[in-house]
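Note: the block below is coords35.txt and it holds compact mmCIF, C-alpha atoms.
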```txt
# COMPACT_ATOMS: atom_id res chain seq x y z
CA MET T 1 172.75 77.69 -57.79
CA ILE T 2 172.98 77.19 -61.52
CA ALA T 3 172.00 80.32 -63.42
CA ASN T 4 171.22 79.67 -67.07
CA TYR T 5 171.45 82.71 -69.29
CA GLY T 6 170.34 82.50 -72.88
CA TYR T 7 167.50 81.04 -74.86
CA LYS T 8 166.25 78.24 -77.00
CA ASP T 9 165.03 78.86 -80.51
CA GLY T 10 164.55 77.01 -83.79
CA SER T 11 168.29 76.69 -84.32
CA GLY T 12 169.20 75.20 -80.97
CA GLU T 13 169.78 75.78 -77.28
CA PHE T 14 172.11 78.59 -76.36
CA PHE T 15 172.81 78.92 -72.69
CA ILE T 16 175.77 80.02 -70.62
CA SER T 17 175.47 78.43 -67.20
CA ILE T 18 177.16 79.91 -64.18
CA ASP T 19 177.41 77.83 -61.04
CA THR T 20 177.10 80.49 -58.36
CA ASP T 21 178.27 78.09 -55.67
CA LYS T 22 181.60 77.86 -57.48
CA CYS T 23 181.80 81.49 -58.65
CA ASN T 24 183.83 83.56 -56.20
CA GLY T 25 183.10 86.87 -57.87
CA CYS T 26 186.76 87.40 -58.86
CA GLY T 27 185.81 88.94 -62.19
CA ASP T 28 188.54 87.26 -64.29
CA CYS T 29 185.94 86.39 -66.94
CA VAL T 30 184.96 90.02 -67.50
CA PRO T 31 188.03 91.42 -69.35
CA VAL T 32 188.84 88.26 -71.36
CA CYS T 33 185.53 88.17 -73.22
CA PRO T 34 185.85 90.08 -76.50
CA SER T 35 182.09 90.70 -76.61
CA GLY T 36 181.81 91.87 -73.00
CA VAL T 37 179.26 89.23 -72.12
CA PHE T 38 180.02 89.08 -68.39
CA GLU T 39 179.65 91.47 -65.50
CA ILE T 40 180.03 91.23 -61.77
CA ARG T 41 176.86 92.15 -59.93
CA ASP T 42 174.93 91.52 -56.73
CA ASN T 43 173.40 88.10 -56.42
CA ASP T 44 170.00 88.81 -57.94
CA PHE T 45 168.61 85.46 -57.01
CA ASP T 46 169.32 85.60 -53.33
CA PRO T 47 168.56 89.18 -52.26
CA LEU T 48 169.63 88.51 -48.69
CA ALA T 49 173.15 87.42 -49.70
CA ASP T 50 175.90 90.01 -49.92
CA ASP T 51 178.43 88.29 -52.19
CA PRO T 52 178.70 89.61 -55.73
CA MET T 53 178.82 87.10 -58.58
CA ALA T 54 179.41 86.88 -62.31
CA ALA T 55 176.40 87.14 -64.60
CA VAL T 56 175.68 87.51 -68.27
CA THR T 57 174.61 91.09 -68.97
CA GLU T 58 170.98 91.68 -69.78
CA ALA T 59 171.83 92.96 -73.25
CA HIS T 60 173.59 89.74 -74.25
CA ARG T 61 171.03 87.24 -72.93
CA LYS T 62 168.80 87.36 -75.97
CA ARG T 63 171.59 87.17 -78.53
CA ILE T 64 174.17 85.05 -76.81
CA LYS T 65 174.66 82.81 -79.82
CA TYR T 66 175.88 85.79 -81.81
CA SER T 67 177.78 87.38 -78.93
CA CYS T 68 179.79 84.18 -78.51
CA SER T 69 180.38 83.64 -82.21
CA VAL T 70 183.56 85.73 -81.97
CA CYS T 71 185.25 82.90 -80.04
CA LYS T 72 183.30 79.97 -81.41
CA PRO T 73 181.90 80.25 -84.88
CA ASP T 74 180.54 76.72 -84.49
CA SER T 75 179.41 74.46 -81.66
CA ASN T 76 181.49 72.44 -79.22
CA TYR T 77 184.59 74.55 -78.79
CA SER T 78 186.22 73.18 -75.70
CA SER T 79 188.67 75.94 -74.93
CA LEU T 80 187.22 79.41 -74.62
CA PRO T 81 188.63 82.57 -73.05
CA CYS T 82 185.87 82.70 -70.43
CA THR T 83 185.97 79.06 -69.39
CA SER T 84 189.78 79.08 -69.37
CA ALA T 85 190.00 82.26 -67.31
CA CYS T 86 187.61 81.05 -64.62
CA PRO T 87 189.71 79.68 -61.73
CA THR T 88 186.83 77.69 -60.27
CA ALA T 89 185.38 76.26 -63.51
CA ALA T 90 182.04 77.87 -62.81
CA ILE T 91 181.21 78.72 -66.43
CA SER T 92 179.87 76.31 -69.04
CA HIS T 93 178.26 76.61 -72.45
CA SER T 94 175.39 74.46 -73.70
CA TRP T 95 176.41 74.52 -77.34
CA MET F 1 133.35 98.85 -79.96
CA SER F 2 133.64 95.16 -80.61
CA LYS F 3 134.05 92.80 -77.71
CA GLU F 4 137.58 92.30 -76.44
CA PHE F 5 137.79 88.59 -75.79
CA TRP F 6 141.27 88.71 -74.34
CA ARG F 7 140.14 90.90 -71.44
CA TRP F 8 140.53 88.92 -68.26
CA LYS F 9 138.97 90.10 -65.03
CA GLU F 10 140.77 92.52 -62.72
CA TYR F 11 140.13 92.19 -59.00
CA ASN F 12 141.16 93.12 -55.50
CA TRP F 13 140.76 91.26 -52.23
CA VAL F 14 141.22 91.86 -48.54
CA ASN F 15 141.23 89.46 -45.62
CA GLU F 16 138.35 90.77 -43.53
CA ASN F 17 139.33 88.61 -40.56
CA MET F 18 142.64 90.36 -40.06
CA ASP F 19 143.30 93.70 -38.40
CA TRP F 20 146.41 95.30 -39.81
CA ARG F 21 146.65 97.73 -36.89
CA THR F 22 147.71 94.93 -34.59
CA GLY F 23 150.50 93.91 -36.96
CA ASP F 24 154.15 94.67 -36.33
CA ILE F 25 155.71 94.57 -39.80
CA ILE F 26 153.60 95.73 -42.73
CA THR F 27 155.21 95.22 -46.12
CA ALA F 28 154.17 95.18 -49.73
CA GLY F 29 155.31 93.58 -52.94
CA VAL F 30 154.51 94.98 -56.35
CA ASP F 31 155.00 92.83 -59.42
CA VAL F 32 154.79 94.87 -62.60
CA GLY F 33 154.63 92.32 -65.36
CA SER F 34 154.47 92.86 -69.08
CA VAL F 35 150.76 92.04 -69.18
CA SER F 36 149.48 92.21 -65.60
CA SER F 37 150.49 93.95 -62.38
CA GLN F 38 149.89 92.72 -58.86
CA ALA F 39 150.29 94.39 -55.51
CA VAL F 40 150.29 92.35 -52.32
CA ILE F 41 150.14 93.67 -48.76
CA LEU F 42 151.46 91.48 -45.97
CA VAL F 43 150.98 91.86 -42.25
CA ASP F 44 153.79 90.06 -40.41
CA GLY F 45 154.36 87.93 -43.48
CA GLU F 46 150.73 86.84 -43.81
CA LEU F 47 148.65 87.68 -46.85
CA TYR F 48 146.36 90.57 -46.01
CA ALA F 49 145.29 92.17 -49.28
CA TYR F 50 146.08 92.09 -52.96
CA SER F 51 145.08 93.37 -56.34
CA SER F 52 145.63 92.21 -59.89
CA MET F 53 145.16 94.39 -62.92
CA ARG F 54 146.37 94.96 -66.44
CA THR F 55 149.65 96.74 -66.97
CA GLY F 56 149.16 99.80 -69.11
CA SER F 57 151.69 101.38 -71.38
CA ASP F 58 152.87 103.51 -68.46
CA SER F 59 154.69 101.29 -65.95
CA PRO F 60 155.00 103.75 -63.03
CA LYS F 61 151.28 104.51 -63.29
CA SER F 62 150.42 100.80 -63.47
CA SER F 63 152.35 100.07 -60.28
CA THR F 64 150.68 102.99 -58.49
CA ASN F 65 147.23 101.89 -59.68
CA ALA F 66 147.80 98.33 -58.53
CA MET F 67 149.04 99.49 -55.12
CA ASN F 68 146.15 101.89 -54.63
CA TRP F 69 143.67 99.23 -55.55
CA ALA F 70 145.18 96.77 -53.09
CA LEU F 71 144.99 99.47 -50.40
CA GLU F 72 141.40 100.43 -51.31
CA LYS F 73 139.48 98.12 -48.99
CA THR F 74 142.04 98.10 -46.19
CA GLY F 75 141.71 101.58 -44.71
CA MET F 76 145.47 101.99 -44.72
CA THR F 77 147.54 104.33 -46.84
CA LEU F 78 150.90 103.82 -48.50
CA ASN F 79 152.50 105.54 -45.50
CA ASP F 80 151.44 102.67 -43.28
CA VAL F 81 153.50 100.26 -45.37
CA GLN F 82 157.01 100.10 -43.99
CA TYR F 83 158.83 98.55 -46.91
CA VAL F 84 157.95 97.96 -50.54
CA VAL F 85 159.81 95.65 -52.89
CA GLY F 86 159.26 95.98 -56.63
CA THR F 87 159.69 93.04 -58.96
CA GLY F 88 158.83 91.88 -62.47
CA TYR F 89 159.60 93.15 -65.90
CA GLY F 90 158.75 96.74 -64.95
CA ARG F 91 160.35 96.65 -61.50
CA VAL F 92 162.60 99.65 -62.11
CA ASN F 93 159.46 101.70 -62.66
CA VAL F 94 157.89 101.32 -59.23
CA PRO F 95 158.34 104.87 -57.87
CA PHE F 96 157.53 104.02 -54.24
CA ALA F 97 159.65 100.86 -53.97
CA ASN F 98 162.45 100.77 -51.40
CA LYS F 99 164.25 98.05 -53.35
CA THR F 100 163.89 95.98 -56.49
CA ILE F 101 164.47 92.22 -56.68
CA THR F 102 164.35 90.01 -59.76
CA GLU F 103 161.14 88.14 -60.40
CA ILE F 104 162.98 84.81 -60.36
CA ALA F 105 163.88 85.13 -56.70
CA CYS F 106 160.42 86.50 -55.87
CA HIS F 107 158.53 83.74 -57.67
CA ALA F 108 160.58 81.12 -55.89
CA ARG F 109 159.91 82.69 -52.51
CA GLY F 110 156.22 83.26 -53.28
CA ALA F 111 155.61 79.73 -54.50
CA ASN F 112 157.32 78.36 -51.39
CA LYS F 113 154.82 80.31 -49.26
CA MET F 114 151.79 79.42 -51.39
CA TYR F 115 152.40 75.74 -51.95
CA GLY F 116 154.67 74.84 -49.06
CA SER F 117 158.25 73.75 -48.57
CA THR F 118 157.86 70.55 -50.60
CA VAL F 119 157.84 72.51 -53.86
CA ARG F 120 160.97 71.82 -55.92
CA THR F 121 160.05 72.96 -59.42
CA ILE F 122 158.18 76.10 -60.37
CA LEU F 123 157.08 77.00 -63.84
CA ASP F 124 155.95 80.58 -64.14
CA MET F 125 153.96 81.08 -67.30
CA GLY F 126 153.75 84.81 -67.46
CA GLY F 127 152.47 87.40 -69.86
CA GLN F 128 155.52 87.58 -72.05
CA ASP F 129 158.01 85.05 -70.78
CA CYS F 130 158.38 81.65 -69.21
CA LYS F 131 160.52 80.90 -66.21
CA ALA F 132 161.48 77.47 -65.02
CA ILE F 133 162.89 77.54 -61.49
CA ARG F 134 164.21 74.82 -59.19
CA VAL F 135 164.18 75.62 -55.48
CA ASP F 136 165.20 74.10 -52.18
CA GLU F 137 162.96 73.67 -49.13
CA LYS F 138 163.49 77.29 -48.11
CA GLY F 139 162.37 78.66 -51.46
CA LYS F 140 165.94 79.50 -52.46
CA VAL F 141 166.71 79.26 -56.17
CA THR F 142 169.01 76.38 -57.10
CA ASN F 143 168.64 76.43 -60.88
CA PHE F 144 166.71 78.61 -63.23
CA LEU F 145 166.01 79.28 -66.82
CA MET F 146 164.07 82.09 -68.34
CA ASN F 147 162.84 82.47 -71.87
CA ASP F 148 161.72 85.93 -72.76
CA LYS F 149 162.95 85.94 -76.32
CA CYS F 150 159.55 85.28 -77.81
CA ALA F 151 155.90 85.25 -76.81
CA ALA F 152 155.26 81.60 -77.71
CA GLY F 153 153.85 79.74 -74.74
CA THR F 154 152.86 82.87 -72.86
CA GLY F 155 149.79 84.74 -71.75
CA ARG F 156 150.16 87.30 -74.50
CA GLY F 157 150.02 84.52 -77.09
CA MET F 158 146.84 83.20 -75.48
CA GLU F 159 145.28 86.67 -75.53
CA VAL F 160 145.95 87.00 -79.24
CA PHE F 161 144.41 83.59 -79.80
CA ALA F 162 141.29 84.32 -77.74
CA ASP F 163 140.70 87.40 -79.85
CA LEU F 164 141.25 85.56 -83.11
CA LEU F 165 138.68 82.90 -82.22
CA SER F 166 136.28 85.28 -80.43
CA VAL F 167 136.31 83.17 -77.30
CA PRO F 168 136.54 84.78 -73.83
CA ILE F 169 140.03 83.95 -72.57
CA GLU F 170 138.77 82.48 -69.28
CA GLU F 171 136.73 79.85 -71.19
CA ILE F 172 139.55 78.58 -73.38
CA GLY F 173 140.69 75.87 -70.95
CA ASP F 174 137.28 74.21 -70.66
CA LEU F 175 136.45 74.51 -74.35
CA SER F 176 139.73 72.87 -75.32
CA PHE F 177 138.46 69.60 -73.83
CA GLN F 178 135.13 69.71 -75.64
CA VAL F 179 136.49 67.89 -78.66
CA GLU F 180 135.74 64.45 -80.07
CA GLU F 181 139.39 63.52 -80.15
CA GLU F 182 142.60 65.30 -79.25
CA PRO F 183 143.97 66.94 -82.41
CA PRO F 184 147.71 67.12 -83.11
CA PRO F 185 149.29 70.33 -81.83
CA VAL F 186 149.62 73.23 -84.25
CA SER F 187 153.10 72.95 -85.69
CA SER F 188 154.27 76.39 -84.75
CA THR F 189 154.07 77.98 -81.32
CA CYS F 190 155.24 81.29 -82.70
CA VAL F 191 152.23 83.50 -82.08
CA VAL F 192 152.27 85.01 -85.54
CA PHE F 193 152.67 81.70 -87.38
CA ALA F 194 150.22 79.87 -85.11
CA LYS F 195 147.65 82.54 -85.84
CA THR F 196 148.10 81.99 -89.57
CA GLU F 197 147.91 78.23 -89.09
CA ALA F 198 144.76 78.48 -86.97
CA THR F 199 143.07 80.66 -89.56
CA GLY F 200 143.86 77.98 -92.14
CA LEU F 201 142.42 75.23 -89.94
CA LEU F 202 139.22 77.18 -89.38
CA ARG F 203 138.89 77.61 -93.12
CA GLU F 204 139.32 73.87 -93.57
CA GLY F 205 136.28 73.47 -91.35
CA TRP F 206 137.85 72.57 -88.02
CA PRO F 207 135.48 73.41 -85.15
CA LYS F 208 136.73 76.24 -82.92
CA ASN F 209 137.25 73.97 -79.92
CA LYS F 210 139.49 71.69 -81.90
CA VAL F 211 141.69 74.61 -82.95
CA ILE F 212 141.83 75.73 -79.33
CA ALA F 213 142.86 72.23 -78.27
CA ALA F 214 145.59 72.15 -80.90
CA TYR F 215 146.95 75.47 -79.71
CA CYS F 216 146.85 74.61 -75.99
CA SER F 217 148.65 71.41 -76.79
CA ALA F 218 151.36 73.20 -78.77
CA MET F 219 151.86 75.68 -75.96
CA ALA F 220 152.21 72.89 -73.41
CA HIS F 221 154.70 71.08 -75.58
CA ARG F 222 156.85 74.12 -76.13
CA VAL F 223 157.14 74.75 -72.40
CA VAL F 224 158.00 71.13 -71.71
CA THR F 225 161.10 71.46 -73.89
CA LEU F 226 162.17 74.37 -71.69
CA LEU F 227 161.57 72.41 -68.52
CA GLU F 228 163.71 69.56 -69.76
CA ARG F 229 166.81 71.69 -69.45
CA ILE F 230 166.51 72.13 -65.69
CA GLY F 231 164.62 68.89 -65.03
CA VAL F 232 161.36 68.46 -63.18
CA GLU F 233 161.34 67.24 -59.60
CA SER F 234 158.06 67.07 -57.72
CA ASP F 235 156.37 68.81 -56.13
CA PHE F 236 155.74 70.76 -59.27
CA VAL F 237 153.68 73.95 -59.48
CA ILE F 238 152.69 76.37 -62.19
CA THR F 239 152.25 80.05 -61.41
CA GLY F 240 151.18 83.00 -63.53
CA GLY F 241 148.08 83.59 -65.58
CA ILE F 242 148.33 80.47 -67.72
CA ALA F 243 148.14 78.36 -64.55
CA LYS F 244 144.42 79.20 -64.64
CA ASN F 245 144.03 77.64 -68.07
CA ARG F 246 143.52 73.93 -67.58
CA GLY F 247 143.71 73.40 -71.31
CA VAL F 248 147.43 74.04 -71.08
CA VAL F 249 148.08 72.85 -67.52
CA ASN F 250 146.46 69.41 -67.89
CA ARG F 251 148.19 68.74 -71.19
CA LEU F 252 151.50 69.82 -69.74
CA SER F 253 151.13 67.56 -66.68
CA LYS F 254 150.23 64.69 -68.94
CA GLU F 255 153.25 65.22 -71.15
CA ILE F 256 155.80 65.35 -68.33
CA GLY F 257 153.96 62.78 -66.23
CA VAL F 258 153.95 64.96 -63.12
CA GLU F 259 150.80 66.41 -61.58
CA THR F 260 150.81 70.04 -60.49
CA LEU F 261 150.00 71.01 -56.93
CA LYS F 262 146.97 73.24 -56.70
CA ASN F 263 145.41 75.30 -53.93
CA ASP F 264 143.22 78.31 -53.31
CA TYR F 265 145.87 80.97 -53.72
CA ASP F 266 145.66 83.07 -56.85
CA SER F 267 148.45 81.78 -59.11
CA GLN F 268 149.12 85.27 -60.43
CA ILE F 269 150.25 86.78 -57.14
CA ALA F 270 153.31 84.54 -56.61
CA GLY F 271 155.82 87.19 -57.66
CA ALA F 272 154.29 90.02 -55.65
CA LEU F 273 153.85 87.76 -52.63
CA GLY F 274 157.52 86.77 -52.78
CA ALA F 275 158.49 90.42 -53.06
CA GLY F 276 156.43 91.23 -49.97
CA LEU F 277 158.12 88.40 -48.06
CA PHE F 278 161.57 89.67 -49.03
CA ALA F 279 160.46 93.11 -47.87
CA LYS F 280 159.68 91.64 -44.46
CA ALA F 281 163.04 89.86 -44.34
CA LEU F 282 164.80 93.11 -45.25
CA VAL F 283 162.98 95.03 -42.49
CA GLU F 284 164.06 92.36 -40.01
CA LYS F 285 167.63 92.51 -41.31
CA GLU F 286 167.71 96.30 -40.82
CA ARG F 287 166.39 96.03 -37.28
CA LYS F 288 169.16 93.69 -36.21
```
Would you write the structure of this file as structure tokens?
Amino acid sequence: MIANYGYKDGSGEFFISIDTDKCNGCGDCVPVCPSGVFEIRDNDFDPLADDPMAAVTEAHRKRIKYSCSVCKPDSNYSSLPCTSACPTAAISHSW
Amino acid sequence: MSKEFWRWKEYNWVNENMDWRTGDIITAGVDVGSVSSQAVILVDGELYAYSSMRTGSDSPKSSTNAMNWALEKTGMTLNDVQYVVGTGYGRVNVPFANKTITEIACHARGANKMYGSTVRTILDMGGQDCKAIRVDEKGKVTNFLMNDKCAAGTGRGMEVFADLLSVPIEEIGDLSFQVEEEPPPVSSTCVVFAKTEATGLLREGWPKNKVIAAYCSAMAHRVVTLLERIGVESDFVITGGIAKNRGVVNRLSKEIGVETLKNDYDSQIAGALGAGLFAKALVEKERK
């Protein structure tokens, strides 16, 4: 499953997508993010599954553009701490 | 007191042809949304009773009221319900819930039950957010997107608009087609700005229906841009309160070129129905 966390507003589309089929719940993305955007939690979207997965915390979903500005002040930064830390390449950014 | 045009009808329903006493697993789902709350009671996974009412400022009370109203005509009490799943915006405030599950999973599951296994794309146009969900044949989420950052394109926006134009909210859809020609959409879907713009149009002498059409059209367009991110694969369905407003639904279908599936189920109970189905699955899981 692709989980898109973020929003679209007048200034653009700001989504972090996590491919839960790739995510193994290792949690490597959690400590590397300077804004603390990620957390490991139960799979909210499949209540009958038991595997935990990475997700963007509720608090960051509505301001992700600003949360991520620490690492990328502008769009299209290819190398980011979160994407680099993820061993399965499950994380991507839309901007 | 002046008339409140935004007030939509609250209701409850029970399937008179079913006897819950013969059922094995009785579960309930309660969906406490930002604008409306629904409670659904299922007997062995089949829809038995439900209620839909406005969410008050007190979420725990709203969930209890909705549940009690669903139970009202059934002759059962809350003790007869084996498992309750809470969902929706206010899901953490359902005091009698055994578990809470996100509304995304519940809407997907509910829509799968309501419209069948051929459903691949669900758009939930709720009270204060929009959710676009892609699902597989089992109703499992494969891709989703939620926008709850602003009230544009939501039920709350429509309520504000109904009040502004003094038109009962349930009539907006039909009235929006009673225009000589389709006007361009209002340029802003932001509820506050759209309200200002509509006031300006009325002052210019636009008939009410034309302003309504322009707003419905803007709302449809704004949601389409959200849908584009996850893509639309048919069968496509719309759930939530706005699904009952053909002024938005028809314009949306036209813009994306995909018709929506429709049936007799109440589009607002999708979340609660899904929650009730998960409750049944959880009971079965525990029994194993």
Listing only residues of chain T within 12 Å of chain F, what is the closest atom pair and its distance in Å (to one decimal) for each, using only C-alpha atoms, sorted by chain and residue number ascending, as a tab-separated table?
```
residue	atom	partner	partner_atom	distance
T:Met1	CA	F:Thr142	CA	4.0
T:Ile2	CA	F:Asn143	CA	4.5
T:Ala3	CA	F:Phe144	CA	5.6
T:Asn4	CA	F:Leu145	CA	5.2
T:Tyr5	CA	F:Leu145	CA	6.9
T:Gly6	CA	F:Asn147	CA	7.6
T:Tyr7	CA	F:Asn147	CA	5.7
T:Lys8	CA	F:Asn147	CA	7.5
T:Asp9	CA	F:Lys149	CA	8.5
T:Gly10	CA	F:Cys190	CA	10.3
T:Gly12	CA	F:Thr225	CA	11.4
T:Glu13	CA	F:Arg229	CA	9.3
T:Phe14	CA	F:Asn147	CA	11.0
T:Phe15	CA	F:Leu145	CA	9.0
T:Ile16	CA	F:Leu145	CA	10.5
T:Ser17	CA	F:Leu145	CA	9.5
T:Ile18	CA	F:Asn143	CA	9.8
T:Asp19	CA	F:Asn143	CA	8.9
T:Thr20	CA	F:Thr142	CA	9.2
T:Asp21	CA	F:Thr142	CA	9.5
T:Asp42	CA	F:Ile101	CA	10.5
T:Asn43	CA	F:Thr102	CA	9.8
T:Asp44	CA	F:Thr102	CA	6.1
T:Phe45	CA	F:Ala105	CA	4.8
T:Asp46	CA	F:Ala105	CA	6.4
T:Pro47	CA	F:Ile101	CA	6.7
T:Leu48	CA	F:Leu282	CA	7.5
T:Ala49	CA	F:Leu282	CA	11.0
T:Glu58	CA	F:Asp148	CA	11.3
T:Ala59	CA	F:Lys149	CA	11.7
T:His60	CA	F:Lys149	CA	11.5
T:Arg61	CA	F:Lys149	CA	8.9
T:Lys62	CA	F:Lys149	CA	6.0
T:Arg63	CA	F:Lys149	CA	9.0
T:Ile64	CA	F:Lys149	CA	11.3
T:Ser94	CA	F:Arg229	CA	10.0
```
Looking at only C-alpha atoms, which of F:Gln82, F:Asn17, F:Ser267, F:Ser62 is the one that sits closest to Pro95 (chain F)? F:Ser62
Find the residues around Phe177 (chain F) up to 8 Å (all atoms listed in the file counted), leave out those fewer than 3 positions away in its own chain, and share them as a ChimeraX atom specification. /F:173-174,209,213,247
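Using all atoms listed in the file, the protein and nucleic acid residues lying no more than 9 Å from Leu47 (chain F), apart from those fewer than 5 places from it along its own chain, are Val14, Asn15, Val40, Ile41, Leu42 and Leu273 of chain F.
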Determine, counting all atoms listed in the file, which protein, DNA and RNA residues have an atom within 7 Å of an atom of Ala152 (chain F); residues of the same chain fewer than 2 positions away are not included. Present the result as a count of residues only. 6
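Among the candidates F:Ala151, F:Ala194, F:Ala214, F:Leu227, the one nearest to Ile172 (chain F) when counting all atoms listed in the file is F:Ala214.
Going from CA of Ala275 (chain F) over to CA of Glu233 (chain F), you cover 24.3 Å.
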With 8 Å as the threshold, what does the neighbourhood of (160.6, 97.5, -52.8) contain in terms of residues, counting all atoms listed in the file? Coordinates are those of the file; answer as a PyMOL selection string. chain F and resi 28-30+83-87+94+96-101+275+279
List the spatial neighbours of Pro87 (chain T) as a ChimeraX atom specification - criterion: any atom at most 9 Å away, all atoms listed in the file, same-chain residues fewer than 2 positions off excluded. /T:23-24,26,28,83-85,89-90
Would you kindly return, as a VMD selection string, each protein, DNA or RNA residue with an atom no farther than 12 Å from any atom of Gly36 (chain T), considering all atoms listed in the file and excluding same-chain residues fewer than 2 positions away? chain T and resid 27 to 34 38 to 40 55 to 61 64 67 to 68 70 to 71 81 to 82
